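Undergrad: Take a look at the following structure, please.
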Amino acid sequence: MADGNAARPLAIEARGLVKRFDGFTAVDGVDLTVPEGAIYGILGPNGAGKTTTLRMLLGIIDPDSGLRRVLGHDRPHEVAHTIGYLPEERGLYPAMKAYEAIAFLGSLRGLPLAEGRRRGKDLLEEHGLGYAIDRQIRQLSKGMAQQVQLLGTLVHQPRLVVFDEPFSGLDALNQGKLEKMIRGLAAKGTTVIFSTHVIAHAERMCDEVAIIAGGKVPFAGPVDVARDRIRPQVRLETAAEDGPWRAALPADARREGRPWLFSLPESGVEPLLRALIEGNAGILSLSIERAGLHDAFVAIAGEAAARALEEGNGEEAR
Amino acid sequence: MSATTGGGRLSILAAAMVVARRDFAAILLSRSFIFFLIGPLFPLVVGALAGGVGAKVQQSVDRAVVGLVMRAPDAEKMVEAGHALKPRMGGALPDMVVLQRLPDGAAGDPSAALKTPGINLAAVVSGTPAAPRLTGPRERIEYLSGPIALVAAQAQGHGPQAYPEISLAPTATSTADTRHGRVLTAQAGQTLLFLLTMLLAGMVLSNLVEEKANKIIEILAAAIPMDAVFLGKLFAMLAVSLVGISVWGGVIGVAHLLFGQSLPALDPPAVGWAMFVALGVTYFAMGYLLLGAVFLTIGSMASTVREVQTLSMPVTMMQLLVFFVASFAVAKPGGTVELAAEVFPFSSPFVMLARAATSEALLPHALAIGWQALCVLVFVRVGARLFRSRVMKSGPAGGSSKRRWWKRAPA
């Protein structure tokens, strides 16, 4: 497991978490370390164990074995007042007014009701939902109710915010707003953890990711470290069709039209360049591209998990 | 690092109060609370109607009369003798009606006369006052033989000519009357307790199922311990019930002030009304908390109203059985059944409330309340643990959709 943040205090530390349901192992020895102030993504296809992992970290369910520490406490409920949680399955009391719903969510985290009501009204105003302050949840659209719940998750100004599939069900505009909000939280020092099955979200936003598949975490660490698991891809175009320079190309070299594509050899770019020049390849262009998180995911979690991830994305798009 | 500017960590009790306050307010403002308030009226109305019908039936059975098939003078003498004795004998003498006045020498057919339509005949007297003959069902004629012999003797002029004056010394009640009255009070208390606990336990169950349907349960579970959710729901419904009891008590008080003596009154319980009410509230709380804990645990395993009905049916049937056993224990005090019912946690509140109505001793109540409180602690604790382990087993993406949710693993 990669850990490039040994010096930073940890918001979450989990070692060997295991959870079984009726003989089925949903989470199988998960290790995680989330530095304080980071935006951390848990990336995996549906059914990989993301929700179960988050539920264990939050104390909603207990692991069958393994250790967890959240903000320095073994029992997550002891620090529940410093945590905000938005579950994948959104839910509010339909008869509650919007500001009361926010205040109620705050009161569950120890915020006095009167203060929660005041902050609830302020937050709704700030986010352009002032007109809905006195409306009952049942009178709001699904998207508006989701926003109300999101504000309720943040009303007590938590140190750690956990989102389970936060982008699920949001349109592009609201996804953008949420991304901005998450970055804003991190900028203020709040640790944000979110699960997702959309690689682009994790790649765009996260400092670190845990890749989860089949209940296991084959990789957890900085996104750059994940990418570096794949050798950079070389794109080469030559004037000569053939010649002694061909011997310098690695075994995985393939042609896509005119250019050659292959992984950068472990020896680096300089020996390659020398061999190409000395072999009269006639280099027209040569570029080195760093691997994306998708390629890293495929390499780390396997083709099957990547397919499941793409299928999940497809289902959501439908 | 952002500082948390919210409140501090909630204790279990404080967290339970957050849930209880929300539930209490929500239920009080809901339509189901109106049904809860008027709910007890239904059994009262049904009981009153059933009582009315029963009284009618009783009345019509009691009005069975004895027919006379005799010579005209004999029939007249019998009727006059009946009238003469009636003031002294009251209800012990049957009403008599002349069916046939036979001419001299004629013999009537008492069996045919017994089938005379339109008259509720118990038996027919034929023959003469000197040799009366009763025709009718065996039980009836055996019961009537004495009174008819007395009437026949009076008709012949053989009855006592002078009746001694009896001085009357009425008492408020007799041992038998007191026992009977207190048993009625005990049964009324038991019935009220049973209705309340069942009604409330049902309400707490629907409330939980609604919360599961609204997906709020996971938010609660993430923020506060499940024990607090469990306790909060129980407390909320207890508070709702106390509001209901206050409303009903107020209505009864107003009705008593307005209609006073015309209302049926129960006999005072053995421990006195004040202690009886105090014990009633305590036993209600115990009974409700026990049953509520069971129902909440059931609710944690169900996700739809239909599943709730299926899962709660055995408990409802068991509670009915418990109620019947408790009623039986009142009728047969001092036996093994009563002792067992006092010890069994679910029947204990019912039986002990009945005991408060029929026996003055208070020590058994102290013991029973202690025992019930212990059982409440155990049931709530075990219920909360089961609730915690079951209620969050439903995941959005776990397992096959064909599997029951409680067997499905979350994503």
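Residues in the structure tokens are numbered from 1 in each chain, the chains being A, B, ... in the order shown, and ligands are numbered from 1 in the order shown.
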Which residues of chain A have any atom within 7 Å of an atom in chain B when counting only C-alpha atoms, and what is the closest pair of atoms for each, with the distance in Å to one decimal? Order the rows by chain and rising number and write it as JSON lines.
TA:
```
{"residue": "A:Phe21", "atom": "CA", "partner": "B:Ala409", "partner_atom": "CA", "distance": 5.5}
{"residue": "A:Asp22", "atom": "CA", "partner": "B:Lys407", "partner_atom": "CA", "distance": 6.6}
{"residue": "A:Ala26", "atom": "CA", "partner": "B:Ala409", "partner_atom": "CA", "distance": 6.7}
{"residue": "A:Gly37", "atom": "CA", "partner": "B:Met1", "partner_atom": "CA", "distance": 6.9}
{"residue": "A:Asn46", "atom": "CA", "partner": "B:Ala411", "partner_atom": "CA", "distance": 6.4}
{"residue": "A:Gly47", "atom": "CA", "partner": "B:Ala411", "partner_atom": "CA", "distance": 4.1}
{"residue": "A:Ala48", "atom": "CA", "partner": "B:Ala411", "partner_atom": "CA", "distance": 6.0}
{"residue": "A:Gly49", "atom": "CA", "partner": "B:Ala411", "partner_atom": "CA", "distance": 4.7}
{"residue": "A:Lys50", "atom": "CA", "partner": "B:Ala411", "partner_atom": "CA", "distance": 5.9}
{"residue": "A:Thr51", "atom": "CA", "partner": "B:Ala411", "partner_atom": "CA", "distance": 5.1}
{"residue": "A:Thr52", "atom": "CA", "partner": "B:Ala411", "partner_atom": "CA", "distance": 5.8}
{"residue": "A:Leu58", "atom": "CA", "partner": "B:Ala222", "partner_atom": "CA", "distance": 6.1}
{"residue": "A:Gly59", "atom": "CA", "partner": "B:Ala222", "partner_atom": "CA", "distance": 6.5}
{"residue": "A:Ile60", "atom": "CA", "partner": "B:Ala222", "partner_atom": "CA", "distance": 5.1}
{"residue": "A:His77", "atom": "CA", "partner": "B:Ile224", "partner_atom": "CA", "distance": 6.4}
{"residue": "A:Glu78", "atom": "CA", "partner": "B:Arg9", "partner_atom": "CA", "distance": 6.6}
{"residue": "A:Val79", "atom": "CA", "partner": "B:Arg9", "partner_atom": "CA", "distance": 6.7}
{"residue": "A:Ala80", "atom": "CA", "partner": "B:Ala223", "partner_atom": "CA", "distance": 5.6}
{"residue": "A:His81", "atom": "CA", "partner": "B:Arg9", "partner_atom": "CA", "distance": 5.5}
{"residue": "A:Thr82", "atom": "CA", "partner": "B:Thr4", "partner_atom": "CA", "distance": 6.1}
{"residue": "A:Glu89", "atom": "CA", "partner": "B:Lys215", "partner_atom": "CA", "distance": 6.2}
{"residue": "A:Arg90", "atom": "CA", "partner": "B:Lys215", "partner_atom": "CA", "distance": 6.3}
{"residue": "A:Gly91", "atom": "CA", "partner": "B:Lys215", "partner_atom": "CA", "distance": 4.6}
{"residue": "A:Leu92", "atom": "CA", "partner": "B:Ile216", "partner_atom": "CA", "distance": 5.9}
{"residue": "A:Tyr93", "atom": "CA", "partner": "B:Asn214", "partner_atom": "CA", "distance": 6.8}
{"residue": "A:Ser107", "atom": "CA", "partner": "B:Val18", "partner_atom": "CA", "distance": 6.9}
{"residue": "A:Leu108", "atom": "CA", "partner": "B:Ala223", "partner_atom": "CA", "distance": 5.9}
{"residue": "A:Arg109", "atom": "CA", "partner": "B:Ala223", "partner_atom": "CA", "distance": 6.0}
{"residue": "A:Gly110", "atom": "CA", "partner": "B:Gly7", "partner_atom": "CA", "distance": 4.5}
{"residue": "A:Leu111", "atom": "CA", "partner": "B:Gly7", "partner_atom": "CA", "distance": 4.3}
{"residue": "A:Pro112", "atom": "CA", "partner": "B:Gly7", "partner_atom": "CA", "distance": 6.4}
{"residue": "A:His156", "atom": "CA", "partner": "B:Gly6", "partner_atom": "CA", "distance": 4.6}
{"residue": "A:Gln157", "atom": "CA", "partner": "B:Thr4", "partner_atom": "CA", "distance": 5.4}
{"residue": "A:Pro158", "atom": "CA", "partner": "B:Thr4", "partner_atom": "CA", "distance": 5.5}
{"residue": "A:Arg159", "atom": "CA", "partner": "B:Ser2", "partner_atom": "CA", "distance": 6.1}
{"residue": "A:Lys188", "atom": "CA", "partner": "B:Ser2", "partner_atom": "CA", "distance": 5.8}
{"residue": "A:Gly189", "atom": "CA", "partner": "B:Met1", "partner_atom": "CA", "distance": 3.8}
{"residue": "A:Thr190", "atom": "CA", "partner": "B:Ser2", "partner_atom": "CA", "distance": 5.9}
```
Undergrad: May I have all residues of stretch 63-290 of chain B that DSSP, computed from the backbone, assigns to strand (DSSP E), given as JSON, numbers by chain?
TA: {"B": [65, 66, 67, 68, 69, 70, 71, 96, 97, 98, 99, 100, 101, 102, 121, 122, 123, 124, 125, 126, 127, 132, 133, 134, 135]}
Undergrad: Next, dump the selected residues to file, keeping only C-alpha atoms, as a PDB file, in the first residue's frame.
TA:
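Contents of again.pdb, freshly written:
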```pdb
ATOM      1  CA  VAL B  65     -94.070 -17.358  30.417  1.00  0.00           C
ATOM      2  CA  VAL B  66     -96.048 -20.357  31.603  1.00  0.00           C
ATOM      3  CA  GLY B  67     -99.246 -21.153  29.706  1.00  0.00           C
ATOM      4  CA  LEU B  68    -102.367 -22.485  31.352  1.00  0.00           C
ATOM      5  CA  VAL B  69    -104.580 -25.130  29.712  1.00  0.00           C
ATOM      6  CA  MET B  70    -107.262 -25.712  32.374  1.00  0.00           C
ATOM      7  CA  ARG B  71    -110.882 -25.391  33.121  1.00  0.00           C
ATOM      8  CA  MET B  96     -98.758 -16.862  33.476  1.00  0.00           C
ATOM      9  CA  VAL B  97    -101.076 -16.625  30.523  1.00  0.00           C
ATOM     10  CA  VAL B  98    -104.262 -18.549  29.903  1.00  0.00           C
ATOM     11  CA  LEU B  99    -103.930 -20.452  26.658  1.00  0.00           C
ATOM     12  CA  GLN B 100    -107.114 -22.461  26.726  1.00  0.00           C
ATOM     13  CA  ARG B 101    -110.173 -22.306  28.993  1.00  0.00           C
ATOM     14  CA  LEU B 102    -111.488 -25.840  28.789  1.00  0.00           C
ATOM     15  CA  LEU B 121     -93.717 -20.283  26.383  1.00  0.00           C
ATOM     16  CA  ALA B 122     -91.431 -22.057  28.853  1.00  0.00           C
ATOM     17  CA  ALA B 123     -93.977 -24.705  29.886  1.00  0.00           C
ATOM     18  CA  VAL B 124     -97.697 -25.419  30.035  1.00  0.00           C
ATOM     19  CA  VAL B 125     -99.694 -26.191  33.196  1.00  0.00           C
ATOM     20  CA  SER B 126    -102.687 -28.478  32.765  1.00  0.00           C
ATOM     21  CA  GLY B 127    -104.860 -30.553  35.130  1.00  0.00           C
ATOM     22  CA  PRO B 132    -101.285 -29.687  38.292  1.00  0.00           C
ATOM     23  CA  ARG B 133     -99.279 -31.180  35.427  1.00  0.00           C
ATOM     24  CA  LEU B 134     -96.285 -29.386  33.876  1.00  0.00           C
ATOM     25  CA  THR B 135     -95.411 -30.018  30.242  1.00  0.00           C
TER      26      THR B 135
END
```
Undergrad: Have a look at atom CA of A:Leu154 and atom CA of A:Gly84 and let me know their distance in Å, one decimal.
TA: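 Between atom CA of A:Leu154 and atom CA of A:Gly84 the gap is 6.0 Å.
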Undergrad: If you run DSSP on the backbone here, which positions in stretch 81-314 of chain B get helix (DSSP H, G or I)? Please write them as JSON, numbers by chain.
TA: {"B": [81, 82, 83, 84, 85, 86, 87, 88, 89, 90, 91, 92, 110, 111, 112, 113, 138, 139, 140, 141, 142, 143, 144, 145, 146, 147, 148, 149, 150, 151, 152, 153, 154, 155, 175, 176, 177, 178, 179, 180, 181, 182, 183, 184, 185, 186, 187, 188, 189, 190, 191, 192, 193, 194, 195, 196, 197, 198, 199, 200, 201, 202, 203, 204, 205, 206, 207, 208, 209, 210, 211, 212, 213, 217, 218, 219, 220, 221, 222, 223, 226, 227, 228, 229, 230, 231, 232, 233, 234, 235, 236, 237, 238, 239, 240, 241, 242, 243, 244, 245, 246, 247, 248, 249, 250, 251, 252, 253, 254, 255, 256, 257, 258, 259, 260, 261, 262, 273, 274, 275, 276, 277, 278, 279, 280, 281, 282, 283, 284, 285, 286, 287, 288, 289, 290, 291, 292, 293, 294, 295, 296, 297, 298, 299, 300, 301, 305, 306, 307, 308, 309, 310, 311, 312, 313, 314]}
Undergrad: Determine, counting only C-alpha atoms, which protein, DNA and RNA residues have an atom within 12 Å of an atom of A:Asn174; residues of the same chain fewer than 4 positions away are not included. Present the result as a ChimeraX atom specification.
TA: /A:127,143-144,146-147,150,166-170,178-181
Undergrad: Residues at most 8 Å from B:Phe379, counting only C-alpha atoms, excluding those fewer than 2 positions away in the same chain, as a ChimeraX atom specification?
TA: /B:290,293-294,375-377,381-383
Undergrad: Using only C-alpha atoms, which residues sit within 7 Å of stretch 147-158 of chain B once same-chain residues fewer than 5 positions away are excluded, as an MDAnalysis selection string?
TA: chainID B and resid 77:78 81:82 93 129:130
Undergrad: Write to file, as a short mmCIF file (atom, residue, chain, number, x, y, z; two decimals), in the first residue's frame, the residues of the selection just made, with N, CA and C atoms.
TA:
```cif
data_model
loop_
_atom_site.label_atom_id
_atom_site.label_comp_id
_atom_site.auth_asym_id
_atom_site.auth_seq_id
_atom_site.Cartn_x
_atom_site.Cartn_y
_atom_site.Cartn_z
N LYS B 77 -108.30 -19.02 38.96
CA LYS B 77 -107.73 -19.11 40.31
C LYS B 77 -106.19 -19.09 40.26
N MET B 78 -105.67 -19.79 39.28
CA MET B 78 -104.21 -19.83 39.16
C MET B 78 -103.65 -18.43 38.88
N ALA B 81 -103.91 -16.32 41.98
CA ALA B 81 -102.90 -16.73 42.96
C ALA B 81 -101.53 -16.17 42.57
N GLY B 82 -101.27 -16.20 41.29
CA GLY B 82 -100.00 -15.66 40.80
C GLY B 82 -99.87 -14.18 41.12
N LEU B 93 -91.38 -15.94 40.49
CA LEU B 93 -92.60 -16.51 39.89
C LEU B 93 -92.67 -16.16 38.41
N PRO B 129 -105.66 -27.21 39.98
CA PRO B 129 -104.75 -26.73 41.03
C PRO B 129 -104.41 -27.82 42.05
N ALA B 130 -105.34 -28.77 42.23
CA ALA B 130 -105.05 -29.84 43.19
C ALA B 130 -104.05 -30.84 42.62
#
```
Undergrad: Between A:Ala98, A:Ile230, A:Gly221, A:Asp207, which residue has the minimum interatomic distance to A:Ala145, considering only C-alpha atoms?
TA: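 Closest to A:Ala145, using only C-alpha atoms: A:Ala98.
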